[in-house]
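Asker: Dropping in upload05.cif, with mmCIF, N, CA and C atoms and all ligand atoms.
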```
data_entry
loop_
_atom_site.label_atom_id
_atom_site.label_comp_id
_atom_site.auth_asym_id
_atom_site.auth_seq_id
_atom_site.Cartn_x
_atom_site.Cartn_y
_atom_site.Cartn_z
N MET A 21 0.84 -1.20 0.00
CA MET A 21 0.00 0.00 0.00
C MET A 21 0.87 1.25 0.00
N GLU A 22 1.73 1.34 -0.98
CA GLU A 22 2.58 2.53 -1.16
C GLU A 22 3.70 2.62 -0.12
N SER A 23 3.86 1.62 0.73
CA SER A 23 4.93 1.72 1.73
C SER A 23 6.24 1.23 1.11
N GLY A 24 7.34 1.71 1.66
CA GLY A 24 8.64 1.33 1.13
C GLY A 24 9.66 1.26 2.24
N ASP A 25 10.85 0.81 1.88
CA ASP A 25 11.91 0.73 2.87
C ASP A 25 13.24 0.98 2.16
N SER A 26 14.19 1.55 2.89
CA SER A 26 15.49 1.87 2.28
C SER A 26 16.30 0.61 1.99
N ASN A 27 16.01 -0.49 2.70
CA ASN A 27 16.76 -1.74 2.49
C ASN A 27 15.80 -2.93 2.59
N PRO A 28 14.96 -3.10 1.56
CA PRO A 28 13.90 -4.11 1.67
C PRO A 28 14.42 -5.54 1.83
N GLU A 29 15.58 -5.85 1.22
CA GLU A 29 16.09 -7.23 1.35
C GLU A 29 16.45 -7.53 2.80
N ALA A 30 17.14 -6.59 3.45
CA ALA A 30 17.54 -6.80 4.84
C ALA A 30 16.31 -6.86 5.75
N LEU A 31 15.34 -6.00 5.46
CA LEU A 31 14.13 -6.00 6.27
C LEU A 31 13.38 -7.33 6.13
N GLY A 32 13.25 -7.80 4.88
CA GLY A 32 12.55 -9.06 4.63
C GLY A 32 13.23 -10.23 5.32
N LEU A 33 14.56 -10.22 5.26
CA LEU A 33 15.33 -11.28 5.90
C LEU A 33 15.15 -11.24 7.42
N TYR A 34 15.20 -10.05 7.96
CA TYR A 34 15.00 -9.89 9.40
C TYR A 34 13.62 -10.38 9.80
N MET A 35 12.61 -10.05 9.02
CA MET A 35 11.24 -10.47 9.34
C MET A 35 11.12 -11.99 9.29
N ALA A 36 11.70 -12.60 8.24
CA ALA A 36 11.62 -14.06 8.10
C ALA A 36 12.31 -14.74 9.28
N GLU A 37 13.48 -14.23 9.66
CA GLU A 37 14.20 -14.82 10.79
C GLU A 37 13.43 -14.61 12.09
N SER A 38 12.83 -13.45 12.23
CA SER A 38 12.09 -13.15 13.46
C SER A 38 10.88 -14.06 13.63
N LEU A 39 10.23 -14.40 12.52
CA LEU A 39 9.05 -15.27 12.61
C LEU A 39 9.42 -16.64 13.18
N ASN A 40 10.65 -17.08 12.92
CA ASN A 40 11.07 -18.39 13.44
C ASN A 40 10.96 -18.46 14.96
N LYS A 41 11.23 -17.34 15.60
CA LYS A 41 11.23 -17.33 17.08
C LYS A 41 9.85 -17.67 17.63
N TYR A 42 8.83 -17.37 16.85
CA TYR A 42 7.45 -17.59 17.32
C TYR A 42 6.84 -18.86 16.75
N ARG A 43 7.66 -19.62 16.06
CA ARG A 43 7.23 -20.90 15.46
C ARG A 43 5.98 -20.71 14.61
N ILE A 44 6.02 -19.66 13.81
CA ILE A 44 4.92 -19.38 12.88
C ILE A 44 4.88 -20.49 11.83
N LEU A 45 3.67 -20.95 11.51
CA LEU A 45 3.52 -22.12 10.65
C LEU A 45 3.92 -21.84 9.20
N TYR A 46 3.44 -20.74 8.67
CA TYR A 46 3.78 -20.45 7.26
C TYR A 46 4.04 -18.97 7.05
N CYS A 47 4.78 -18.71 5.99
CA CYS A 47 5.07 -17.34 5.59
C CYS A 47 4.71 -17.23 4.11
N HIS A 48 3.87 -16.27 3.78
CA HIS A 48 3.40 -16.10 2.40
C HIS A 48 3.89 -14.74 1.91
N MET A 49 4.77 -14.77 0.91
CA MET A 49 5.34 -13.51 0.43
C MET A 49 5.04 -13.28 -1.04
N VAL A 50 4.84 -12.02 -1.37
CA VAL A 50 4.63 -11.63 -2.77
C VAL A 50 5.99 -11.30 -3.36
N GLU A 51 6.24 -11.85 -4.54
CA GLU A 51 7.51 -11.57 -5.22
C GLU A 51 7.68 -10.05 -5.37
N PRO A 52 8.88 -9.56 -5.13
CA PRO A 52 9.07 -8.12 -5.22
C PRO A 52 8.95 -7.62 -6.66
N ARG A 53 8.42 -6.44 -6.76
CA ARG A 53 8.44 -5.70 -8.02
C ARG A 53 7.80 -6.46 -9.17
N ILE A 54 6.58 -6.90 -8.97
CA ILE A 54 5.84 -7.44 -10.11
C ILE A 54 5.51 -6.26 -11.00
N ASN A 55 5.77 -6.40 -12.25
CA ASN A 55 5.42 -5.32 -13.18
C ASN A 55 4.04 -5.63 -13.75
N PRO A 56 3.01 -4.89 -13.35
CA PRO A 56 1.66 -5.22 -13.80
C PRO A 56 1.51 -5.14 -15.31
N ALA A 57 2.31 -4.30 -15.94
CA ALA A 57 2.18 -4.16 -17.39
C ALA A 57 2.71 -5.38 -18.11
N SER A 58 3.84 -5.92 -17.63
CA SER A 58 4.44 -7.04 -18.34
C SER A 58 4.04 -8.38 -17.74
N GLU A 59 3.42 -8.35 -16.56
CA GLU A 59 3.02 -9.56 -15.84
C GLU A 59 4.21 -10.29 -15.25
N LYS A 60 5.40 -9.88 -15.55
CA LYS A 60 6.58 -10.64 -15.13
C LYS A 60 7.28 -9.94 -13.97
N ARG A 61 8.01 -10.74 -13.20
CA ARG A 61 8.76 -10.17 -12.09
C ARG A 61 10.04 -9.54 -12.62
N GLU A 62 10.34 -8.36 -12.09
CA GLU A 62 11.56 -7.69 -12.54
C GLU A 62 12.79 -8.25 -11.83
N THR A 63 12.56 -8.81 -10.66
CA THR A 63 13.69 -9.39 -9.91
C THR A 63 13.35 -10.84 -9.56
N PRO A 64 13.58 -11.77 -10.51
CA PRO A 64 13.22 -13.15 -10.24
C PRO A 64 14.02 -13.70 -9.07
N HIS A 65 13.39 -14.54 -8.31
CA HIS A 65 14.02 -15.22 -7.17
C HIS A 65 14.47 -14.27 -6.08
N GLY A 66 13.84 -13.13 -5.98
CA GLY A 66 14.20 -12.16 -4.94
C GLY A 66 13.86 -12.62 -3.54
N LEU A 67 13.01 -13.64 -3.45
CA LEU A 67 12.59 -14.10 -2.13
C LEU A 67 13.47 -15.22 -1.58
N LEU A 68 14.43 -15.65 -2.36
CA LEU A 68 15.25 -16.81 -1.95
C LEU A 68 15.91 -16.66 -0.57
N PRO A 69 16.49 -15.51 -0.25
CA PRO A 69 17.09 -15.39 1.08
C PRO A 69 16.07 -15.59 2.20
N MET A 70 14.86 -15.08 2.00
CA MET A 70 13.81 -15.25 3.00
C MET A 70 13.36 -16.71 3.06
N ARG A 71 13.26 -17.33 1.90
CA ARG A 71 12.88 -18.75 1.85
C ARG A 71 13.88 -19.59 2.66
N LYS A 72 15.16 -19.29 2.48
CA LYS A 72 16.20 -20.06 3.17
C LYS A 72 16.17 -19.79 4.67
N ALA A 73 15.85 -18.57 5.04
CA ALA A 73 15.90 -18.19 6.46
C ALA A 73 14.69 -18.71 7.24
N PHE A 74 13.54 -18.78 6.59
CA PHE A 74 12.31 -19.14 7.30
C PHE A 74 12.22 -20.66 7.44
N ARG A 75 11.90 -21.13 8.64
CA ARG A 75 11.93 -22.57 8.88
C ARG A 75 10.58 -23.27 8.69
N GLY A 76 9.50 -22.49 8.50
CA GLY A 76 8.19 -23.10 8.27
C GLY A 76 7.90 -23.23 6.79
N THR A 77 6.62 -23.41 6.48
CA THR A 77 6.19 -23.56 5.09
C THR A 77 6.21 -22.20 4.40
N PHE A 78 6.84 -22.16 3.24
CA PHE A 78 7.03 -20.89 2.54
C PHE A 78 6.19 -20.85 1.26
N LEU A 79 5.32 -19.84 1.18
CA LEU A 79 4.44 -19.68 0.02
C LEU A 79 4.87 -18.44 -0.77
N VAL A 80 4.83 -18.56 -2.09
CA VAL A 80 5.15 -17.40 -2.93
C VAL A 80 4.00 -17.13 -3.89
N VAL A 81 3.86 -15.89 -4.28
CA VAL A 81 2.88 -15.48 -5.28
C VAL A 81 3.48 -14.35 -6.11
N GLY A 82 2.96 -14.22 -7.32
CA GLY A 82 3.35 -13.05 -8.11
C GLY A 82 3.89 -13.40 -9.47
N GLY A 83 3.02 -13.40 -10.48
CA GLY A 83 3.47 -13.55 -11.85
C GLY A 83 3.77 -14.97 -12.28
N TYR A 84 3.34 -15.96 -11.52
CA TYR A 84 3.63 -17.34 -11.88
C TYR A 84 2.62 -17.88 -12.89
N ASP A 85 3.11 -18.67 -13.83
CA ASP A 85 2.23 -19.52 -14.64
C ASP A 85 2.50 -20.96 -14.20
N LYS A 86 1.87 -21.90 -14.87
CA LYS A 86 2.00 -23.30 -14.45
C LYS A 86 3.47 -23.76 -14.45
N GLU A 87 4.15 -23.48 -15.55
CA GLU A 87 5.51 -23.96 -15.71
C GLU A 87 6.44 -23.35 -14.65
N GLU A 88 6.30 -22.05 -14.48
CA GLU A 88 7.17 -21.39 -13.49
C GLU A 88 6.87 -21.85 -12.08
N GLY A 89 5.60 -22.11 -11.82
CA GLY A 89 5.21 -22.60 -10.50
C GLY A 89 5.82 -23.96 -10.24
N ASN A 90 5.70 -24.85 -11.21
CA ASN A 90 6.29 -26.19 -11.06
C ASN A 90 7.80 -26.10 -10.89
N ASN A 91 8.39 -25.18 -11.64
CA ASN A 91 9.83 -24.99 -11.58
C ASN A 91 10.27 -24.52 -10.19
N ALA A 92 9.49 -23.60 -9.62
CA ALA A 92 9.83 -23.08 -8.29
C ALA A 92 9.79 -24.19 -7.25
N ILE A 93 8.81 -25.08 -7.39
CA ILE A 93 8.71 -26.21 -6.44
C ILE A 93 9.88 -27.18 -6.68
N ALA A 94 10.11 -27.49 -7.95
CA ALA A 94 11.19 -28.44 -8.28
C ALA A 94 12.54 -27.94 -7.79
N LYS A 95 12.75 -26.63 -7.89
CA LYS A 95 14.04 -26.04 -7.48
C LYS A 95 14.06 -25.69 -6.00
N ASN A 96 12.97 -26.04 -5.30
CA ASN A 96 12.88 -25.81 -3.85
C ASN A 96 12.93 -24.32 -3.48
N ARG A 97 12.41 -23.48 -4.37
CA ARG A 97 12.37 -22.06 -4.05
C ARG A 97 11.13 -21.71 -3.22
N ALA A 98 10.21 -22.67 -3.11
CA ALA A 98 9.00 -22.48 -2.30
C ALA A 98 8.41 -23.85 -1.99
N ASP A 99 7.57 -23.88 -0.96
CA ASP A 99 6.83 -25.11 -0.67
C ASP A 99 5.50 -25.11 -1.42
N LEU A 100 4.93 -23.94 -1.60
CA LEU A 100 3.65 -23.80 -2.31
C LEU A 100 3.70 -22.55 -3.17
N VAL A 101 3.10 -22.64 -4.35
CA VAL A 101 2.98 -21.47 -5.22
C VAL A 101 1.51 -21.08 -5.27
N VAL A 102 1.25 -19.80 -5.13
CA VAL A 102 -0.11 -19.26 -5.07
C VAL A 102 -0.39 -18.52 -6.37
N TYR A 103 -1.63 -18.62 -6.82
CA TYR A 103 -2.03 -17.93 -8.05
C TYR A 103 -3.15 -16.94 -7.74
N GLY A 104 -2.99 -15.72 -8.16
CA GLY A 104 -3.99 -14.68 -7.93
C GLY A 104 -4.85 -14.45 -9.15
N ARG A 105 -4.33 -13.73 -10.11
CA ARG A 105 -5.13 -13.34 -11.27
C ARG A 105 -5.60 -14.53 -12.09
N HIS A 106 -4.72 -15.53 -12.27
CA HIS A 106 -5.14 -16.70 -13.04
C HIS A 106 -6.29 -17.44 -12.34
N PHE A 107 -6.23 -17.47 -11.00
CA PHE A 107 -7.30 -18.18 -10.29
C PHE A 107 -8.59 -17.38 -10.34
N LEU A 108 -8.46 -16.08 -10.29
CA LEU A 108 -9.64 -15.22 -10.38
C LEU A 108 -10.40 -15.50 -11.69
N ALA A 109 -9.65 -15.62 -12.78
CA ALA A 109 -10.26 -15.78 -14.09
C ALA A 109 -10.56 -17.24 -14.44
N ASN A 110 -10.02 -18.15 -13.62
CA ASN A 110 -10.20 -19.58 -13.91
C ASN A 110 -10.58 -20.32 -12.64
N PRO A 111 -11.89 -20.43 -12.38
CA PRO A 111 -12.31 -21.06 -11.13
C PRO A 111 -11.88 -22.52 -11.04
N ASP A 112 -11.56 -23.13 -12.18
CA ASP A 112 -11.09 -24.52 -12.21
C ASP A 112 -9.60 -24.58 -12.58
N LEU A 113 -8.84 -23.63 -12.06
CA LEU A 113 -7.42 -23.54 -12.47
C LEU A 113 -6.63 -24.84 -12.28
N PRO A 114 -6.72 -25.52 -11.14
CA PRO A 114 -5.93 -26.77 -11.01
C PRO A 114 -6.30 -27.80 -12.10
N TRP A 115 -7.59 -27.89 -12.39
CA TRP A 115 -8.07 -28.81 -13.42
C TRP A 115 -7.49 -28.43 -14.78
N ARG A 116 -7.49 -27.16 -15.08
CA ARG A 116 -6.93 -26.70 -16.36
C ARG A 116 -5.43 -26.98 -16.43
N PHE A 117 -4.74 -26.78 -15.32
CA PHE A 117 -3.31 -27.10 -15.30
C PHE A 117 -3.10 -28.59 -15.58
N LYS A 118 -3.92 -29.39 -14.94
CA LYS A 118 -3.79 -30.85 -15.11
C LYS A 118 -3.99 -31.25 -16.57
N LEU A 119 -4.98 -30.64 -17.22
CA LEU A 119 -5.31 -30.98 -18.61
C LEU A 119 -4.46 -30.23 -19.63
N ASN A 120 -3.64 -29.31 -19.15
CA ASN A 120 -2.94 -28.40 -20.06
C ASN A 120 -3.92 -27.63 -20.93
N ALA A 121 -5.06 -27.29 -20.36
CA ALA A 121 -6.11 -26.57 -21.09
C ALA A 121 -5.78 -25.08 -21.15
N PRO A 122 -6.30 -24.39 -22.16
CA PRO A 122 -6.07 -22.94 -22.22
C PRO A 122 -6.76 -22.23 -21.06
N LEU A 123 -6.20 -21.10 -20.68
CA LEU A 123 -6.76 -20.34 -19.56
C LEU A 123 -7.63 -19.19 -20.06
N ASN A 124 -8.70 -18.89 -19.30
CA ASN A 124 -9.42 -17.63 -19.55
C ASN A 124 -8.47 -16.48 -19.25
N LYS A 125 -8.57 -15.43 -20.04
CA LYS A 125 -7.76 -14.24 -19.77
C LYS A 125 -8.48 -13.37 -18.75
N TYR A 126 -7.74 -12.90 -17.76
CA TYR A 126 -8.39 -12.02 -16.79
C TYR A 126 -8.58 -10.63 -17.38
N ASN A 127 -9.62 -9.99 -16.91
CA ASN A 127 -9.94 -8.65 -17.38
C ASN A 127 -9.58 -7.64 -16.31
N ARG A 128 -8.51 -6.92 -16.56
CA ARG A 128 -7.99 -5.97 -15.58
C ARG A 128 -9.02 -4.87 -15.25
N ASP A 129 -9.88 -4.57 -16.21
CA ASP A 129 -10.86 -3.49 -15.98
C ASP A 129 -11.84 -3.81 -14.85
N THR A 130 -12.00 -5.10 -14.54
CA THR A 130 -12.96 -5.44 -13.48
C THR A 130 -12.27 -5.75 -12.15
N PHE A 131 -10.95 -5.53 -12.07
CA PHE A 131 -10.26 -5.68 -10.79
C PHE A 131 -10.71 -4.56 -9.86
N TYR A 132 -10.93 -4.88 -8.61
CA TYR A 132 -11.22 -3.88 -7.58
C TYR A 132 -12.48 -3.08 -7.87
N THR A 133 -13.44 -3.68 -8.55
CA THR A 133 -14.68 -2.94 -8.84
C THR A 133 -15.80 -3.47 -7.95
N PRO A 134 -16.29 -2.66 -7.02
CA PRO A 134 -17.37 -3.13 -6.14
C PRO A 134 -18.75 -3.02 -6.77
N ASP A 135 -18.89 -2.17 -7.77
CA ASP A 135 -20.23 -1.94 -8.29
C ASP A 135 -20.15 -1.59 -9.78
N PRO A 136 -20.67 -2.38 -10.69
CA PRO A 136 -21.33 -3.65 -10.43
C PRO A 136 -20.32 -4.73 -10.06
N VAL A 137 -20.76 -5.75 -9.38
CA VAL A 137 -19.86 -6.82 -8.97
C VAL A 137 -19.69 -7.79 -10.15
N VAL A 138 -18.69 -7.52 -10.94
CA VAL A 138 -18.38 -8.41 -12.06
C VAL A 138 -16.90 -8.74 -12.01
N GLY A 139 -16.57 -9.90 -12.59
CA GLY A 139 -15.17 -10.28 -12.68
C GLY A 139 -14.64 -11.03 -11.48
N TYR A 140 -15.52 -11.49 -10.62
CA TYR A 140 -15.06 -12.24 -9.45
C TYR A 140 -15.60 -13.67 -9.42
N THR A 141 -16.85 -13.85 -9.81
CA THR A 141 -17.44 -15.20 -9.75
C THR A 141 -18.07 -15.59 -11.08
N ASP A 142 -17.80 -14.84 -12.13
CA ASP A 142 -18.53 -15.08 -13.37
C ASP A 142 -17.66 -15.55 -14.54
N TYR A 143 -16.40 -15.87 -14.28
CA TYR A 143 -15.59 -16.45 -15.37
C TYR A 143 -16.03 -17.90 -15.60
N PRO A 144 -16.03 -18.34 -16.86
CA PRO A 144 -16.58 -19.67 -17.14
C PRO A 144 -15.65 -20.82 -16.73
N PHE A 145 -16.27 -21.90 -16.27
CA PHE A 145 -15.57 -23.16 -16.07
C PHE A 145 -15.28 -23.77 -17.44
N LEU A 146 -14.38 -24.72 -17.45
CA LEU A 146 -13.96 -25.33 -18.70
C LEU A 146 -15.13 -25.95 -19.45
N GLU A 147 -16.00 -26.67 -18.74
CA GLU A 147 -17.09 -27.36 -19.46
C GLU A 147 -18.06 -26.36 -20.09
N ASP A 148 -18.11 -25.13 -19.52
CA ASP A 148 -19.02 -24.13 -20.07
C ASP A 148 -18.50 -23.54 -21.38
N THR A 149 -17.19 -23.67 -21.59
CA THR A 149 -16.60 -23.02 -22.76
C THR A 149 -16.47 -23.97 -23.94
N SER A 150 -16.65 -25.27 -23.71
CA SER A 150 -16.40 -26.22 -24.79
C SER A 150 -17.61 -26.32 -25.71
C1 LIG B 201 -8.66 -8.18 -7.91
C2 LIG B 201 -7.48 -8.42 -7.00
C3 LIG B 201 -7.64 -8.24 -5.63
C4 LIG B 201 -6.58 -8.46 -4.77
N1 LIG B 201 -6.76 -8.27 -3.43
C5 LIG B 201 -5.73 -8.49 -2.58
C6 LIG B 201 -5.91 -8.31 -1.17
O1 LIG B 201 -6.99 -7.96 -0.70
N2 LIG B 201 -4.85 -8.52 -0.36
C7 LIG B 201 -3.62 -8.92 -0.85
O2 LIG B 201 -2.70 -9.13 -0.07
N3 LIG B 201 -3.43 -9.10 -2.19
C8 LIG B 201 -4.45 -8.89 -3.05
N4 LIG B 201 -4.24 -9.06 -4.40
C9 LIG B 201 -2.90 -9.43 -4.88
C10 LIG B 201 -2.82 -10.94 -5.11
O3 LIG B 201 -3.02 -11.62 -3.89
C11 LIG B 201 -1.46 -11.37 -5.68
O4 LIG B 201 -0.44 -11.06 -4.78
C12 LIG B 201 -1.17 -10.67 -7.00
O5 LIG B 201 -2.31 -10.73 -7.84
C13 LIG B 201 0.04 -11.29 -7.69
O6 LIG B 201 -0.17 -12.65 -7.96
P1 LIG B 201 -0.58 -13.15 -9.47
O7 LIG B 201 0.53 -12.73 -10.38
O8 LIG B 201 -0.70 -14.65 -9.36
O9 LIG B 201 -1.87 -12.47 -9.80
C14 LIG B 201 -5.30 -8.85 -5.28
C15 LIG B 201 -5.15 -9.04 -6.66
C16 LIG B 201 -6.22 -8.83 -7.50
C17 LIG B 201 -6.01 -9.04 -8.99
#
```
Now that the file is in, can you turn its structure into structure tokens?

Answerer:
Amino acid sequence: MESGDSNPEALGLYMAESLNKYRILYCHMVEPRINPASEKRETPHGLLPMRKAFRGTFLVVGGYDKEEGNNAIAKNRADLVVYGRHFLANPDLPWRFKLNAPLNKYNRDTFYTPDPVVGYTDYPFLEDTS
């Protein structure tokens, strides 16, 4: 929410290490500097130091597709990968990943719109589109 820090890497590392003291079960971090225009992260693997420092389950989100998500798990960069926009637009996202089916494209114009309430529960399931 517009907040910043002069040394975000050190702060993130300190936070991850501090959580260990309280035996926090999981830590869920958003990849730094997602570029909304390009959909891609400007600093890939920026969370690795925090992942290594935190002793619980580590979740990441931000700009992942199926392949990159699988890759992050295979390379042990996270325990779980979270999907935001793709899940919003694809209520059956795991099923689509399993089938290698095409994804609905999310509509940025309906993000954060309270009235009318569109773009949250009205994207089609796979069987509806065939
Ligand atoms: C419509 C919309 C609403 C969101 N609301 C929240 C929120 O309330 N809290 C939050 O931490 N992140 C929120 N996010 C950010 C997502 O949780 C996620 O971090 C972001 O979309 C990046 O992941 P992605 O590339 O998989 O979409 C929202 C994203 C979208 C598109």

Asker: What separation in Å, quoted to one decimal, exists between atom CA of Asp99 of chain A and atom CA of Gly76 of chain A?

Answerer: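 Atom CA of Gly76 of chain A lies at a distance of 9.3 Å from atom CA of Asp99 of chain A.
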
Asker: Kindly compile the residues surrounding ligand LIG 201 (chain B) within 12 Å, counting only C-alpha atoms and all ligand atoms, and format them as a VMD selection string.

Answerer: chain A and resid 21 48 to 61 79 to 86 88 to 89 101 to 110 113 125 to 134 137 to 141

Asker: Please, which residues of segment 24-143 of chain A, numbered as in this document, come out helix (DSSP H, G or I) from DSSP, as a PyMOL selection string?

Answerer: chain A and resi 28-41+68-73+86-94+105-109+113-119+128-130

Asker: Check segment 44-111 of chain A with DSSP on the backbone and list each residue it calls strand (DSSP E or B), as a VMD selection string.

Answerer: chain A and resid 46 to 50 54 61 77 to 81 100 to 102

Asker: What does the distance from atom CA of Asp112 of chain A to atom CA of Phe145 of chain A come to in Å, to one decimal?

Answerer: 6.1 Å

Asker: Which one of A:Lys95, A:Glu147, A:Leu68, A:Ala73 sits closest to Ser38 of chain A if you count only N, CA and C atoms?

Answerer: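 Looking at the shortest contact to Ser38 of chain A, the residue is A:Ala73.
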
Asker: Could you pull the residues within 8 Å of Tyr34 of chain A, counting all atoms listed in the file, minus those fewer than 6 positions along the same chain, as a ChimeraX atom specification?

Answerer: /A:28,40,70

Asker: Go ahead and save the picked residues with N, CA and C atoms, as a PDB file, in the coordinates of the input.

Answerer:
```pdb
ATOM      1  N   PRO A  28      14.960  -3.100   1.560  1.00  0.00           N
ATOM      2  CA  PRO A  28      13.900  -4.110   1.670  1.00  0.00           C
ATOM      3  C   PRO A  28      14.420  -5.540   1.830  1.00  0.00           C
ATOM      4  N   ASN A  40      10.650 -17.080  12.920  1.00  0.00           N
ATOM      5  CA  ASN A  40      11.070 -18.390  13.440  1.00  0.00           C
ATOM      6  C   ASN A  40      10.960 -18.460  14.960  1.00  0.00           C
ATOM      7  N   MET A  70      14.860 -15.080   2.000  1.00  0.00           N
ATOM      8  CA  MET A  70      13.810 -15.250   3.000  1.00  0.00           C
ATOM      9  C   MET A  70      13.360 -16.710   3.060  1.00  0.00           C
TER      10      MET A  70
END
```

Asker: Report the distance between atom N of Pro122 of chain A and atom N of Asn91 of chain A in Å, rounded to one decimal place.

Answerer: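 If I compute the distance from atom N of Pro122 of chain A to atom N of Asn91 of chain A, I get 18.1 Å.
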
Asker: Could you check which of A:Ala121, A:Arg75, A:Leu100, A:Pro111 is closest to Leu45 of chain A, using only C-alpha atoms?

Answerer: A:Arg75

Asker: Mind giving me the axis-aligned box for segment 36-48 of chain A with 8 Å on every side, centre plus edges in Å to one decimal, as JSON?

Answerer:
```
{"center_x": 8.8, "center_y": -17.4, "center_z": 9.8, "size_x": 26.8, "size_y": 25.5, "size_z": 31.7}
```

Asker: Place all heavy atoms on segment 76-82 of chain A and deliver the coordinates as a PDB file, keeping the file's coordinate frame.

Answerer:
```pdb
ATOM      1  N   GLY A  76       9.500 -22.490   8.500  1.00  0.00           N
ATOM      2  CA  GLY A  76       8.190 -23.100   8.270  1.00  0.00           C
ATOM      3  C   GLY A  76       7.900 -23.230   6.790  1.00  0.00           C
ATOM      4  O   GLY A  76       8.798 -23.191   5.946  1.00  0.00           O
ATOM      5  N   THR A  77       6.620 -23.410   6.480  1.00  0.00           N
ATOM      6  CA  THR A  77       6.190 -23.560   5.090  1.00  0.00           C
ATOM      7  C   THR A  77       6.210 -22.200   4.400  1.00  0.00           C
ATOM      8  O   THR A  77       5.685 -21.218   4.918  1.00  0.00           O
ATOM      9  CB  THR A  77       4.757 -24.136   5.066  1.00  0.00           C
ATOM     10  OG1 THR A  77       4.777 -25.407   5.726  1.00  0.00           O
ATOM     11  CG2 THR A  77       4.266 -24.322   3.635  1.00  0.00           C
ATOM     12  N   PHE A  78       6.840 -22.160   3.240  1.00  0.00           N
ATOM     13  CA  PHE A  78       7.030 -20.890   2.540  1.00  0.00           C
ATOM     14  C   PHE A  78       6.190 -20.850   1.260  1.00  0.00           C
ATOM     15  O   PHE A  78       6.314 -21.717   0.392  1.00  0.00           O
ATOM     16  CB  PHE A  78       8.516 -20.718   2.192  1.00  0.00           C
ATOM     17  CG  PHE A  78       8.908 -19.311   1.847  1.00  0.00           C
ATOM     18  CD1 PHE A  78       9.069 -18.356   2.840  1.00  0.00           C
ATOM     19  CD2 PHE A  78       9.107 -18.950   0.516  1.00  0.00           C
ATOM     20  CE1 PHE A  78       9.436 -17.054   2.528  1.00  0.00           C
ATOM     21  CE2 PHE A  78       9.472 -17.651   0.186  1.00  0.00           C
ATOM     22  CZ  PHE A  78       9.639 -16.707   1.195  1.00  0.00           C
ATOM     23  N   LEU A  79       5.320 -19.840   1.180  1.00  0.00           N
ATOM     24  CA  LEU A  79       4.440 -19.680   0.020  1.00  0.00           C
ATOM     25  C   LEU A  79       4.870 -18.440  -0.770  1.00  0.00           C
ATOM     26  O   LEU A  79       5.212 -17.411  -0.169  1.00  0.00           O
ATOM     27  CB  LEU A  79       2.982 -19.470   0.459  1.00  0.00           C
ATOM     28  CG  LEU A  79       2.190 -20.663   0.989  1.00  0.00           C
ATOM     29  CD1 LEU A  79       2.664 -21.091   2.367  1.00  0.00           C
ATOM     30  CD2 LEU A  79       0.718 -20.301   1.056  1.00  0.00           C
ATOM     31  N   VAL A  80       4.830 -18.560  -2.090  1.00  0.00           N
ATOM     32  CA  VAL A  80       5.150 -17.400  -2.930  1.00  0.00           C
ATOM     33  C   VAL A  80       4.000 -17.130  -3.890  1.00  0.00           C
ATOM     34  O   VAL A  80       3.273 -18.049  -4.277  1.00  0.00           O
ATOM     35  CB  VAL A  80       6.449 -17.602  -3.745  1.00  0.00           C
ATOM     36  CG1 VAL A  80       7.652 -17.718  -2.831  1.00  0.00           C
ATOM     37  CG2 VAL A  80       6.347 -18.820  -4.659  1.00  0.00           C
ATOM     38  N   VAL A  81       3.860 -15.890  -4.280  1.00  0.00           N
ATOM     39  CA  VAL A  81       2.880 -15.480  -5.280  1.00  0.00           C
ATOM     40  C   VAL A  81       3.480 -14.350  -6.110  1.00  0.00           C
ATOM     41  O   VAL A  81       4.374 -13.655  -5.644  1.00  0.00           O
ATOM     42  CB  VAL A  81       1.554 -15.016  -4.613  1.00  0.00           C
ATOM     43  CG1 VAL A  81       1.742 -13.693  -3.885  1.00  0.00           C
ATOM     44  CG2 VAL A  81       0.422 -14.895  -5.629  1.00  0.00           C
ATOM     45  N   GLY A  82       2.960 -14.220  -7.320  1.00  0.00           N
ATOM     46  CA  GLY A  82       3.350 -13.050  -8.110  1.00  0.00           C
ATOM     47  C   GLY A  82       3.890 -13.400  -9.470  1.00  0.00           C
ATOM     48  O   GLY A  82       5.071 -13.710  -9.609  1.00  0.00           O
TER      49      GLY A  82
END
```
